[in-house]
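Just below is one structure, and these are the notes that go with it.
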Amino acid sequence: MIDGTQVIDFHGHVGRWDPLGMKDDPKLMLHAMDSAGIDKSCVFGIFHPDGTTSNDQAARFIAQHPDRIIGFAYVSPMMPERMIPELTRAIDELKFAAVKLYPPYTLWPFNQPQWHPIYEFANERGLAVLFHTDGGELSRPRYLSEIAPQYPNAKFVAGHAGNLIEPRAEAIAAAQAHPNVYLETCSTYRTPGVIEQLVNEAGADRVLFGSDTPLMDPRPQIGKIITADISDEAKRLILGANARRLLGI
Amino acid sequence: MTSLNFKSKVPVFDANVRVGDLLDEPAPYRDRAGLLAEMDRHGVERALIYHAHAENVSPIEGNNYLEAWLGDDGRTHPQWMMIPTADSLSQIQSLHAEGRVDCVRLFDTGQRDLPFRPWAYDTQLSWLSEARIPVWILLPDADADTLVTTLQAYPDLVSVLVGAHYVHALWLRPMLAALPNAYLELSRYEPICEIEALRDELGPDRLVYGSWYSRYAMGPMLFYLHHTNLTDAELASICAGNLERILQGGTP
């Protein structure tokens, strides 16, 4: 809680990635959250294309601190026959709140037909879908401008808000054009003025705080929001109010 | 307690600030007053500054451009860029003779395929070591083995390793163990709880706060340091005291 605002981190992982120092030690993750006033973190696994292995791993992690951790469901078009059954299981049985997709671990740009069954599922359920976006051809934020109007009940979130200048402009343009497109803030590029740009060009009601925990400590990532030259009201929306609206909590 | 607004509670001497425009990237501020305004916004008292032109075009000209950013209020402190050429060494030695050099930053010659090896750098590193001038060295494009073996050849040289990232997670502990005179600058080191872990393992004296503004925003890492379990004394050392000691010729 920060100045009365419940804080939700919209972007986190489970699993270990030892060469990069990433470890989903709940003690470390909760210490970082508590130190910065983060109430809840959303997590997902992305390292298993079957979806099930990652989602079960996330579920076991969540079970340790269900009041602090929210699950997002992961599936991949690399195993298309599993996508909808696994999404159904993750949402209905594991009670996950949204969907995470990672195009770089597939063969197809996320505007291609292989992905659309997932969007149809999210549209029917009114779910949020968080994408990894960047400048790579599989992950360009401009694809959001194609899919968002086709699935108006789903909410599409550009993870990293495109990460770099050109894809960030695509992400902002998609958010400007489509009311169901949102921008999430985590990035190892802590470029000056990015948070201000997202707020000024897309609107504070379309920006979500995320950290990429535990790949990155959430404290410098929330520090980007707190130290940005934006209004306190904009900070409250970004830190928690927008996420609560998207997740229905 | 976290608040929607933040300002440092301890004196801050930022160890890594870039001023001026890169040739393909204008800075977010035009002059020294703009830099000071950003520092004031985050509660940063002083900054060690180098010029962008020295980073990607000419260290010698960039050092000349740096002069315009140095006021007489002590808030901006010069860091001169050095490249392994005779002209560059001559410039730095002239500045040193005037008593104006207490650290240098090495130009990344890897971008021109000159490795950081003693056969390429011995003249510069030997002089810096004898003159007890600490050197800032970039990690992002460094070769770990080259860096360690070269610095081990100059055991009295104090170094500050700049820009460690999570991609360097496997490097840092063996590198810092192998280089007892090396400090770690923190502008981009974000693996979870690692600053507290390094404090526990190495002590706070080998960690140095730098923002690398304007490559990165000035506030986030400073905010992070203020929301750890560092004691106030440790925070003060990392945010200013360690850098002051380095510039005075101290060792970890």
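Ordering of the structure tokens sets the chain letters (A, B, ...), residue numbers begin anew at 1 in every chain, and ligands are numbered from 1 in the order given.
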Neighbours of chain B in chain A at 7 Å, counting only C-alpha atoms, as a ChimeraX atom specification: /A:2-3,19-22,28,32,35-37,189-192,214-217,219-221,223-224,226-227,232
Once you have the residues from the selection above, write them out as an mmCIF file, in the first residue's frame, restricted to N, CA and C atoms.
```
data_model
loop_
_atom_site.group_PDB
_atom_site.id
_atom_site.type_symbol
_atom_site.label_atom_id
_atom_site.label_comp_id
_atom_site.auth_asym_id
_atom_site.auth_seq_id
_atom_site.Cartn_x
_atom_site.Cartn_y
_atom_site.Cartn_z
ATOM 1 N N ILE A 2 0.630 2.146 -0.910
ATOM 2 C CA ILE A 2 1.395 3.393 -0.954
ATOM 3 C C ILE A 2 0.411 4.556 -0.870
ATOM 4 N N ASP A 3 0.487 5.307 0.184
ATOM 5 C CA ASP A 3 -0.388 6.461 0.387
ATOM 6 C C ASP A 3 -1.852 6.101 0.127
ATOM 7 N N PRO A 19 21.414 -18.604 -15.169
ATOM 8 C CA PRO A 19 22.472 -17.799 -15.800
ATOM 9 C C PRO A 19 22.246 -16.293 -15.700
ATOM 10 N N LEU A 20 20.993 -15.882 -15.495
ATOM 11 C CA LEU A 20 20.689 -14.455 -15.360
ATOM 12 C C LEU A 20 20.406 -14.068 -13.911
ATOM 13 N N GLY A 21 20.592 -14.994 -13.002
ATOM 14 C CA GLY A 21 20.381 -14.671 -11.591
ATOM 15 C C GLY A 21 18.928 -14.652 -11.167
ATOM 16 N N MET A 22 18.031 -15.157 -12.027
ATOM 17 C CA MET A 22 16.608 -15.139 -11.688
ATOM 18 C C MET A 22 16.246 -16.368 -10.866
ATOM 19 N N LEU A 28 12.521 -13.860 -1.043
ATOM 20 C CA LEU A 28 13.123 -12.676 -1.670
ATOM 21 C C LEU A 28 12.058 -11.815 -2.345
ATOM 22 N N ALA A 32 11.141 -7.923 -1.311
ATOM 23 C CA ALA A 32 11.195 -6.783 -2.228
ATOM 24 C C ALA A 32 9.839 -6.088 -2.315
ATOM 25 N N SER A 35 9.170 -4.158 0.905
ATOM 26 C CA SER A 35 10.054 -3.003 1.069
ATOM 27 C C SER A 35 9.585 -1.805 0.253
ATOM 28 N N ALA A 36 8.808 -2.081 -0.811
ATOM 29 C CA ALA A 36 8.389 -0.983 -1.687
ATOM 30 C C ALA A 36 6.897 -0.723 -1.649
ATOM 31 N N GLY A 37 6.169 -1.436 -0.802
ATOM 32 C CA GLY A 37 4.728 -1.183 -0.693
ATOM 33 C C GLY A 37 3.895 -1.864 -1.765
ATOM 34 N N TYR A 189 15.469 -1.144 -19.845
ATOM 35 C CA TYR A 189 15.855 0.188 -20.344
ATOM 36 C C TYR A 189 15.071 1.214 -19.539
ATOM 37 N N ARG A 190 15.688 1.775 -18.573
ATOM 38 C CA ARG A 190 15.000 2.774 -17.746
ATOM 39 C C ARG A 190 15.229 4.156 -18.337
ATOM 40 N N THR A 191 14.823 4.310 -19.591
ATOM 41 C CA THR A 191 15.085 5.537 -20.337
ATOM 42 C C THR A 191 14.359 6.724 -19.714
ATOM 43 N N PRO A 192 15.030 7.853 -19.537
ATOM 44 C CA PRO A 192 14.352 9.012 -18.954
ATOM 45 C C PRO A 192 13.144 9.439 -19.789
ATOM 46 N N PRO A 214 10.936 -12.115 -10.749
ATOM 47 C CA PRO A 214 12.173 -11.803 -10.049
ATOM 48 C C PRO A 214 13.388 -11.692 -10.978
ATOM 49 N N LEU A 215 13.147 -11.616 -12.312
ATOM 50 C CA LEU A 215 14.276 -11.342 -13.203
ATOM 51 C C LEU A 215 14.878 -9.994 -12.835
ATOM 52 N N MET A 216 14.000 -9.050 -12.565
ATOM 53 C CA MET A 216 14.443 -7.744 -12.074
ATOM 54 C C MET A 216 13.751 -7.468 -10.747
ATOM 55 N N ASP A 217 14.473 -6.885 -9.849
ATOM 56 C CA ASP A 217 13.904 -6.487 -8.566
ATOM 57 C C ASP A 217 12.793 -5.461 -8.827
ATOM 58 N N ARG A 219 11.813 -3.095 -7.074
ATOM 59 C CA ARG A 219 11.995 -1.766 -6.479
ATOM 60 C C ARG A 219 12.470 -0.694 -7.450
ATOM 61 N N PRO A 220 13.498 -0.934 -8.269
ATOM 62 C CA PRO A 220 13.804 0.115 -9.255
ATOM 63 C C PRO A 220 12.695 0.287 -10.280
ATOM 64 N N GLN A 221 11.939 -0.766 -10.543
ATOM 65 C CA GLN A 221 10.866 -0.644 -11.533
ATOM 66 C C GLN A 221 9.698 0.188 -10.987
ATOM 67 N N GLY A 223 10.208 2.340 -8.759
ATOM 68 C CA GLY A 223 10.863 3.641 -8.647
ATOM 69 C C GLY A 223 10.716 4.481 -9.904
ATOM 70 N N LYS A 224 10.590 3.819 -11.055
ATOM 71 C CA LYS A 224 10.349 4.569 -12.292
ATOM 72 C C LYS A 224 9.041 5.343 -12.213
ATOM 73 N N ILE A 226 7.313 6.141 -9.282
ATOM 74 C CA ILE A 226 7.319 7.101 -8.169
ATOM 75 C C ILE A 226 8.135 8.347 -8.515
ATOM 76 N N THR A 227 9.256 8.185 -9.218
ATOM 77 C CA THR A 227 10.132 9.331 -9.495
ATOM 78 C C THR A 227 9.819 9.995 -10.836
ATOM 79 N N ASP A 232 0.204 12.819 -8.861
ATOM 80 C CA ASP A 232 -0.072 11.739 -7.904
ATOM 81 C C ASP A 232 -1.257 10.896 -8.362
#
```
Non-local contacts of stretch 154-158 of chain A (10 Å; only C-alpha atoms; under 3 positions in same chain excluded) as number ranges by chain: A: 10, 98-100, 119-134, 139-142, 144-145, 147-151, 161-163, 168, 170-172, 174-175, 178-185, 206-208, 246-247
Option closest in space to A:Ile69, from A:Thr88, A:Asn111, A:Pro103, A:His11 [counting only C-alpha atoms]: A:His11
DSSP alpha helix (DSSP H) residues within stretch 78-244 of chain B, as a PyMOL selection string: chain B and resi 86-97+118-130+144-152+172-178+194-202+220-226+232-236+242-244
Keeping only C-alpha atoms, take the residues you just selected and write them out as a PDB file, in the first residue's frame.
```pdb
ATOM      1  CA  ALA B  86      49.447   9.454 -27.183  1.00  0.00           C
ATOM      2  CA  ASP B  87      47.240  12.524 -27.713  1.00  0.00           C
ATOM      3  CA  SER B  88      44.774  11.367 -25.109  1.00  0.00           C
ATOM      4  CA  LEU B  89      47.437  10.536 -22.548  1.00  0.00           C
ATOM      5  CA  SER B  90      49.033  13.919 -23.131  1.00  0.00           C
ATOM      6  CA  GLN B  91      45.706  15.665 -22.523  1.00  0.00           C
ATOM      7  CA  ILE B  92      45.044  13.750 -19.313  1.00  0.00           C
ATOM      8  CA  GLN B  93      48.593  14.302 -18.049  1.00  0.00           C
ATOM      9  CA  SER B  94      48.284  18.039 -18.696  1.00  0.00           C
ATOM     10  CA  LEU B  95      45.049  18.151 -16.731  1.00  0.00           C
ATOM     11  CA  HIS B  96      46.697  16.107 -14.006  1.00  0.00           C
ATOM     12  CA  ALA B  97      49.563  18.570 -13.805  1.00  0.00           C
ATOM     13  CA  PRO B 118      48.164  -4.916 -21.570  1.00  0.00           C
ATOM     14  CA  TRP B 119      49.815  -4.816 -24.997  1.00  0.00           C
ATOM     15  CA  ALA B 120      47.250  -2.169 -25.996  1.00  0.00           C
ATOM     16  CA  TYR B 121      46.820  -0.332 -22.689  1.00  0.00           C
ATOM     17  CA  ASP B 122      50.039  -0.730 -20.749  1.00  0.00           C
ATOM     18  CA  THR B 123      51.240   2.861 -21.140  1.00  0.00           C
ATOM     19  CA  GLN B 124      47.934   4.216 -19.861  1.00  0.00           C
ATOM     20  CA  LEU B 125      47.330   1.686 -17.099  1.00  0.00           C
ATOM     21  CA  SER B 126      50.886   1.884 -15.792  1.00  0.00           C
ATOM     22  CA  TRP B 127      50.679   5.666 -15.555  1.00  0.00           C
ATOM     23  CA  LEU B 128      47.247   5.617 -13.917  1.00  0.00           C
ATOM     24  CA  SER B 129      48.457   3.049 -11.413  1.00  0.00           C
ATOM     25  CA  GLU B 130      51.589   5.023 -10.534  1.00  0.00           C
ATOM     26  CA  ALA B 144      35.195 -11.048 -18.647  1.00  0.00           C
ATOM     27  CA  ASP B 145      38.493 -12.895 -18.972  1.00  0.00           C
ATOM     28  CA  THR B 146      40.241  -9.990 -20.676  1.00  0.00           C
ATOM     29  CA  LEU B 147      39.009  -7.560 -18.065  1.00  0.00           C
ATOM     30  CA  VAL B 148      40.066  -9.631 -15.084  1.00  0.00           C
ATOM     31  CA  THR B 149      43.448 -10.763 -16.358  1.00  0.00           C
ATOM     32  CA  THR B 150      44.392  -7.268 -17.491  1.00  0.00           C
ATOM     33  CA  LEU B 151      43.411  -5.599 -14.229  1.00  0.00           C
ATOM     34  CA  GLN B 152      45.220  -8.305 -12.266  1.00  0.00           C
ATOM     35  CA  LEU B 172      30.160 -10.548 -10.639  1.00  0.00           C
ATOM     36  CA  ARG B 173      31.086 -12.649  -7.665  1.00  0.00           C
ATOM     37  CA  PRO B 174      34.161 -14.301  -9.205  1.00  0.00           C
ATOM     38  CA  MET B 175      35.157 -11.001 -10.806  1.00  0.00           C
ATOM     39  CA  LEU B 176      34.954  -9.022  -7.576  1.00  0.00           C
ATOM     40  CA  ALA B 177      36.788 -11.809  -5.745  1.00  0.00           C
ATOM     41  CA  ALA B 178      39.553 -11.761  -8.331  1.00  0.00           C
ATOM     42  CA  GLU B 194      21.152  -8.600  -5.116  1.00  0.00           C
ATOM     43  CA  ILE B 195      22.272  -5.277  -3.685  1.00  0.00           C
ATOM     44  CA  GLU B 196      21.427  -6.479  -0.193  1.00  0.00           C
ATOM     45  CA  ALA B 197      23.106  -9.835  -0.922  1.00  0.00           C
ATOM     46  CA  LEU B 198      26.281  -8.158  -2.187  1.00  0.00           C
ATOM     47  CA  ARG B 199      26.268  -5.896   0.870  1.00  0.00           C
ATOM     48  CA  ASP B 200      26.095  -9.011   3.054  1.00  0.00           C
ATOM     49  CA  GLU B 201      28.853 -10.817   1.149  1.00  0.00           C
ATOM     50  CA  LEU B 202      31.263  -7.980   0.321  1.00  0.00           C
ATOM     51  CA  PRO B 220      14.793   4.687  -9.872  1.00  0.00           C
ATOM     52  CA  MET B 221      18.004   3.174  -8.510  1.00  0.00           C
ATOM     53  CA  LEU B 222      18.198   5.820  -5.814  1.00  0.00           C
ATOM     54  CA  PHE B 223      14.622   4.989  -4.848  1.00  0.00           C
ATOM     55  CA  TYR B 224      15.597   1.298  -4.779  1.00  0.00           C
ATOM     56  CA  LEU B 225      18.539   1.876  -2.444  1.00  0.00           C
ATOM     57  CA  HIS B 226      16.247   3.777  -0.073  1.00  0.00           C
ATOM     58  CA  ASP B 232      21.498   4.654   7.107  1.00  0.00           C
ATOM     59  CA  ALA B 233      25.278   4.467   7.402  1.00  0.00           C
ATOM     60  CA  GLU B 234      25.490   1.892   4.617  1.00  0.00           C
ATOM     61  CA  LEU B 235      23.157   3.942   2.464  1.00  0.00           C
ATOM     62  CA  ALA B 236      25.280   7.034   3.002  1.00  0.00           C
ATOM     63  CA  ASN B 242      32.542   5.390  -1.118  1.00  0.00           C
ATOM     64  CA  LEU B 243      32.885   7.623  -4.170  1.00  0.00           C
ATOM     65  CA  GLU B 244      34.487  10.362  -2.095  1.00  0.00           C
TER      66      GLU B 244
END
```
Atom CA of A:Asn200 to atom CA of A:Gly12, straight-line distance in Å: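 Here the two named atoms are 25.7 Å from each other.
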Exercise: B:Trp80 partners within 7 Å, only C-alpha atoms, chain neighbours under 3 positions left out, as a list in words: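 Near B:Trp80, the qualifying residues are Tyr50, Asn63, Val104 and Arg105 of chain B.
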Would you save the residues from that selection as a short mmCIF file (atom, residue, chain, number, x, y, z; two decimals), in the first residue's frame, using N, CA and C atoms?
```cif
data_model
loop_
_atom_site.label_atom_id
_atom_site.label_comp_id
_atom_site.auth_asym_id
_atom_site.auth_seq_id
_atom_site.Cartn_x
_atom_site.Cartn_y
_atom_site.Cartn_z
N TYR B 50 30.71 13.04 -17.23
CA TYR B 50 31.54 12.95 -18.43
C TYR B 50 30.70 13.39 -19.60
N ASN B 63 36.23 15.84 -23.78
CA ASN B 63 36.78 16.41 -22.54
C ASN B 63 36.78 17.93 -22.59
N VAL B 104 39.52 8.76 -14.16
CA VAL B 104 39.28 8.78 -15.61
C VAL B 104 38.30 7.67 -15.95
N ARG B 105 37.74 7.80 -17.12
CA ARG B 105 36.82 6.80 -17.67
C ARG B 105 37.42 6.30 -18.97
#
```
Test item, strand (DSSP E or B) assignment across stretch 2-179 of chain B, answer as a count of residues only: 32
Residues within 9 Å of A:Ala241, only C-alpha atoms, excluding chain neighbours under 3 positions, as a list in words: Thr5, Gln6, Val7, Ile8, Asp205, Leu208, Arg236, Leu237, Ile238, Arg244, Arg245 and Leu246 of chain A
Residue contacts of B:Val158 (12 Å, only C-alpha atoms) excluding same-chain residues fewer than 6 positions away, as a ChimeraX atom specification: /B:102-105,125-126,128-137,151-152,179-184,206,243,245-252
Keeping only N, CA and C atoms, take the residues you just selected and write them out as a compact mmCIF listing (two decimals), in the first residue's frame.
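Result went into part04.txt, see below:
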```txt
# COMPACT_ATOMS: atom_id res chain seq x y z
N ASP B 102 41.13 13.35 -10.80
CA ASP B 102 41.10 12.37 -9.71
C ASP B 102 40.40 11.09 -10.10
N CYS B 103 40.04 10.98 -11.39
CA CYS B 103 39.58 9.71 -11.94
C CYS B 103 39.52 9.87 -13.45
N VAL B 104 39.52 8.76 -14.16
CA VAL B 104 39.28 8.78 -15.61
C VAL B 104 38.30 7.67 -15.95
N ARG B 105 37.74 7.80 -17.12
CA ARG B 105 36.82 6.80 -17.67
C ARG B 105 37.42 6.30 -18.97
N LEU B 125 47.62 2.31 -18.39
CA LEU B 125 47.33 1.69 -17.10
C LEU B 125 48.51 1.80 -16.14
N SER B 126 49.71 1.72 -16.66
CA SER B 126 50.89 1.88 -15.79
C SER B 126 50.92 3.29 -15.21
N LEU B 128 48.37 5.43 -14.85
CA LEU B 128 47.25 5.62 -13.92
C LEU B 128 47.54 4.94 -12.58
N SER B 129 48.14 3.77 -12.64
CA SER B 129 48.46 3.05 -11.41
C SER B 129 49.49 3.80 -10.59
N GLU B 130 50.54 4.27 -11.25
CA GLU B 130 51.59 5.02 -10.53
C GLU B 130 51.04 6.32 -9.96
N ALA B 131 50.16 6.97 -10.70
CA ALA B 131 49.60 8.26 -10.25
C ALA B 131 48.43 8.06 -9.28
N ARG B 132 48.07 6.82 -9.00
CA ARG B 132 46.96 6.48 -8.10
C ARG B 132 45.64 7.14 -8.54
N ILE B 133 45.39 7.03 -9.84
CA ILE B 133 44.15 7.58 -10.41
C ILE B 133 43.19 6.42 -10.70
N PRO B 134 42.04 6.38 -10.07
CA PRO B 134 41.08 5.29 -10.32
C PRO B 134 40.46 5.40 -11.70
N VAL B 135 40.06 4.26 -12.21
CA VAL B 135 39.57 4.20 -13.58
C VAL B 135 38.19 3.55 -13.62
N TRP B 136 37.28 4.18 -14.37
CA TRP B 136 35.92 3.64 -14.59
C TRP B 136 35.94 2.81 -15.87
N ILE B 137 35.46 1.57 -15.81
CA ILE B 137 35.51 0.66 -16.95
C ILE B 137 34.12 0.11 -17.21
N LEU B 151 43.37 -6.36 -15.48
CA LEU B 151 43.41 -5.60 -14.23
C LEU B 151 44.29 -6.29 -13.18
N GLN B 152 44.35 -7.61 -13.22
CA GLN B 152 45.22 -8.31 -12.27
C GLN B 152 46.70 -7.99 -12.51
N LEU B 179 39.36 -9.34 -8.17
CA LEU B 179 39.84 -7.96 -8.27
C LEU B 179 39.54 -7.22 -6.96
N PRO B 180 40.40 -7.37 -5.97
CA PRO B 180 40.10 -6.76 -4.66
C PRO B 180 40.07 -5.23 -4.68
N ASN B 181 40.64 -4.63 -5.72
CA ASN B 181 40.60 -3.16 -5.80
C ASN B 181 39.49 -2.66 -6.72
N ALA B 182 38.52 -3.50 -6.99
CA ALA B 182 37.42 -3.09 -7.87
C ALA B 182 36.17 -2.77 -7.06
N TYR B 183 35.49 -1.69 -7.47
CA TYR B 183 34.18 -1.33 -6.93
C TYR B 183 33.12 -1.66 -7.98
N LEU B 184 31.90 -1.83 -7.54
CA LEU B 184 30.79 -2.09 -8.46
C LEU B 184 29.84 -0.90 -8.47
N ARG B 206 32.20 -1.63 -1.17
CA ARG B 206 32.57 -1.87 -2.57
C ARG B 206 31.45 -1.54 -3.55
N LEU B 243 32.35 6.87 -3.03
CA LEU B 243 32.88 7.62 -4.17
C LEU B 243 33.88 8.68 -3.70
N ARG B 245 35.78 8.53 -1.17
CA ARG B 245 37.02 7.84 -0.81
C ARG B 245 37.80 7.41 -2.06
N ILE B 246 37.09 6.95 -3.07
CA ILE B 246 37.76 6.55 -4.32
C ILE B 246 38.47 7.75 -4.94
N LEU B 247 37.80 8.86 -4.99
CA LEU B 247 38.39 10.04 -5.64
C LEU B 247 39.57 10.60 -4.84
N GLN B 248 39.63 10.25 -3.58
CA GLN B 248 40.77 10.69 -2.76
C GLN B 248 41.90 9.65 -2.76
N GLY B 249 41.75 8.64 -3.65
CA GLY B 249 42.82 7.66 -3.78
C GLY B 249 42.70 6.48 -2.85
N GLY B 250 41.53 6.31 -2.25
CA GLY B 250 41.34 5.21 -1.31
C GLY B 250 41.08 3.89 -2.02
N THR B 251 41.15 2.83 -1.26
CA THR B 251 40.86 1.49 -1.78
C THR B 251 39.72 0.89 -0.98
N PRO B 252 39.10 -0.19 -1.55
CA PRO B 252 37.98 -0.80 -0.82
C PRO B 252 38.38 -1.29 0.58
```
Need the shell around B:Asp31: protein/DNA/RNA residues with any atom at most 9 Å away, counting only C-alpha atoms. Skip same-chain ones fewer than 4 positions apart. Format as a compact mmCIF listing (two decimals) with N, CA and C atoms, in the first residue's frame?
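Okay, this is what ended up in around-v2.txt:
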```
# COMPACT_ATOMS: atom_id res chain seq x y z
N VAL B 19 26.67 13.99 -19.68
CA VAL B 19 26.13 15.29 -20.07
C VAL B 19 26.32 15.49 -21.57
N GLY B 20 25.50 16.35 -22.15
CA GLY B 20 25.61 16.65 -23.58
C GLY B 20 24.94 15.59 -24.45
N LEU B 35 20.55 20.09 -15.90
CA LEU B 35 21.05 18.94 -15.14
C LEU B 35 20.84 19.16 -13.64
N LEU B 36 21.16 20.35 -13.17
CA LEU B 36 21.01 20.62 -11.74
C LEU B 36 19.55 20.53 -11.31
N ALA B 68 32.40 23.23 -20.10
CA ALA B 68 31.24 24.13 -19.99
C ALA B 68 30.24 23.67 -18.93
N TRP B 69 30.37 22.43 -18.49
CA TRP B 69 29.42 21.87 -17.52
C TRP B 69 29.96 21.95 -16.09
```
A:Trp108 environment, 9 Å, only C-alpha atoms, sequence neighbours closer than 4 positions dropped, as JSON, numbers by chain: {"A": [77, 103, 104, 112, 113, 114, 115, 137, 138, 139]}
File of the preceding selection, all heavy atoms, as an mmCIF file, in the first residue's frame:
```cif
data_model
loop_
_atom_site.group_PDB
_atom_site.id
_atom_site.type_symbol
_atom_site.label_atom_id
_atom_site.label_comp_id
_atom_site.auth_asym_id
_atom_site.auth_seq_id
_atom_site.Cartn_x
_atom_site.Cartn_y
_atom_site.Cartn_z
ATOM 1 N N PRO A 77 1.102 -21.498 -29.035
ATOM 2 C CA PRO A 77 0.650 -22.131 -30.286
ATOM 3 C C PRO A 77 1.636 -23.159 -30.823
ATOM 4 O O PRO A 77 1.336 -23.815 -31.817
ATOM 5 C CB PRO A 77 0.496 -20.938 -31.246
ATOM 6 C CG PRO A 77 1.351 -19.874 -30.692
ATOM 7 C CD PRO A 77 1.368 -20.057 -29.212
ATOM 8 N N PRO A 103 5.495 -14.390 -27.565
ATOM 9 C CA PRO A 103 5.745 -14.702 -28.977
ATOM 10 C C PRO A 103 7.178 -15.107 -29.316
ATOM 11 O O PRO A 103 7.359 -15.937 -30.218
ATOM 12 C CB PRO A 103 5.333 -13.399 -29.686
ATOM 13 C CG PRO A 103 4.317 -12.799 -28.777
ATOM 14 C CD PRO A 103 4.779 -13.113 -27.396
ATOM 15 N N PRO A 104 8.228 -14.582 -28.658
ATOM 16 C CA PRO A 104 9.580 -15.002 -29.061
ATOM 17 C C PRO A 104 9.853 -16.495 -28.878
ATOM 18 O O PRO A 104 10.798 -17.001 -29.477
ATOM 19 C CB PRO A 104 10.494 -14.175 -28.139
ATOM 20 C CG PRO A 104 9.704 -12.981 -27.791
ATOM 21 C CD PRO A 104 8.296 -13.468 -27.702
ATOM 22 N N GLN A 112 -0.847 -13.587 -36.271
ATOM 23 C CA GLN A 112 -1.106 -14.680 -37.200
ATOM 24 C C GLN A 112 -2.227 -15.593 -36.678
ATOM 25 O O GLN A 112 -2.528 -15.610 -35.490
ATOM 26 C CB GLN A 112 0.176 -15.481 -37.415
ATOM 27 C CG GLN A 112 1.267 -14.683 -38.130
ATOM 28 C CD GLN A 112 0.813 -14.196 -39.504
ATOM 29 O OE1 GLN A 112 0.472 -14.993 -40.368
ATOM 30 N NE2 GLN A 112 0.773 -12.878 -39.690
ATOM 31 N N PRO A 113 -2.836 -16.354 -37.603
ATOM 32 C CA PRO A 113 -4.017 -17.155 -37.209
ATOM 33 C C PRO A 113 -3.752 -18.141 -36.078
ATOM 34 O O PRO A 113 -4.688 -18.467 -35.336
ATOM 35 C CB PRO A 113 -4.367 -17.894 -38.504
ATOM 36 C CG PRO A 113 -3.804 -17.058 -39.606
ATOM 37 C CD PRO A 113 -2.561 -16.412 -39.052
ATOM 38 N N GLN A 114 -2.527 -18.598 -35.954
ATOM 39 C CA GLN A 114 -2.240 -19.592 -34.911
ATOM 40 C C GLN A 114 -2.623 -19.089 -33.520
ATOM 41 O O GLN A 114 -2.865 -19.885 -32.605
ATOM 42 C CB GLN A 114 -0.752 -19.967 -34.926
ATOM 43 C CG GLN A 114 -0.335 -20.812 -36.119
ATOM 44 C CD GLN A 114 0.017 -19.979 -37.338
ATOM 45 O OE1 GLN A 114 -0.206 -18.761 -37.351
ATOM 46 N NE2 GLN A 114 0.546 -20.619 -38.365
ATOM 47 N N TRP A 115 -2.613 -17.776 -33.332
ATOM 48 C CA TRP A 115 -2.861 -17.209 -32.006
ATOM 49 C C TRP A 115 -4.351 -16.928 -31.740
ATOM 50 O O TRP A 115 -4.750 -16.768 -30.575
ATOM 51 C CB TRP A 115 -2.101 -15.885 -31.854
ATOM 52 C CG TRP A 115 -0.614 -15.988 -31.924
ATOM 53 C CD1 TRP A 115 0.160 -15.907 -33.043
ATOM 54 C CD2 TRP A 115 0.291 -16.173 -30.838
ATOM 55 N NE1 TRP A 115 1.492 -16.035 -32.713
ATOM 56 C CE2 TRP A 115 1.599 -16.202 -31.364
ATOM 57 C CE3 TRP A 115 0.117 -16.322 -29.456
ATOM 58 C CZ2 TRP A 115 2.731 -16.371 -30.556
ATOM 59 C CZ3 TRP A 115 1.226 -16.487 -28.656
ATOM 60 C CH2 TRP A 115 2.516 -16.513 -29.212
ATOM 61 N N GLU A 137 10.305 -9.114 -34.822
ATOM 62 C CA GLU A 137 9.184 -9.270 -35.745
ATOM 63 C C GLU A 137 8.068 -10.141 -35.178
ATOM 64 O O GLU A 137 6.930 -10.044 -35.617
ATOM 65 C CB GLU A 137 9.669 -9.825 -37.082
ATOM 66 C CG GLU A 137 10.252 -8.747 -37.996
ATOM 67 C CD GLU A 137 9.319 -7.551 -38.156
ATOM 68 O OE1 GLU A 137 8.169 -7.728 -38.588
ATOM 69 O OE2 GLU A 137 9.744 -6.415 -37.807
ATOM 70 N N LEU A 138 8.379 -11.013 -34.229
ATOM 71 C CA LEU A 138 7.323 -11.831 -33.637
ATOM 72 C C LEU A 138 6.494 -11.061 -32.615
ATOM 73 O O LEU A 138 5.385 -11.477 -32.285
ATOM 74 C CB LEU A 138 7.945 -13.068 -32.956
ATOM 75 C CG LEU A 138 8.722 -14.029 -33.858
ATOM 76 C CD1 LEU A 138 9.354 -15.145 -33.017
ATOM 77 C CD2 LEU A 138 7.840 -14.614 -34.939
ATOM 78 N N SER A 139 7.027 -9.944 -32.146
ATOM 79 C CA SER A 139 6.470 -9.284 -30.949
ATOM 80 C C SER A 139 6.154 -7.807 -31.157
ATOM 81 O O SER A 139 6.082 -7.053 -30.191
ATOM 82 C CB SER A 139 7.474 -9.400 -29.789
ATOM 83 O OG SER A 139 7.907 -10.719 -29.633
#
```
One-decimal distance in Å that lies between atom CA of A:Ala169 and atom CA of A:Gly71: 29.0 Å
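A straight line drawn from atom CA of B:Asp108 to atom CA of B:Asp14 is 21.0 Å long.
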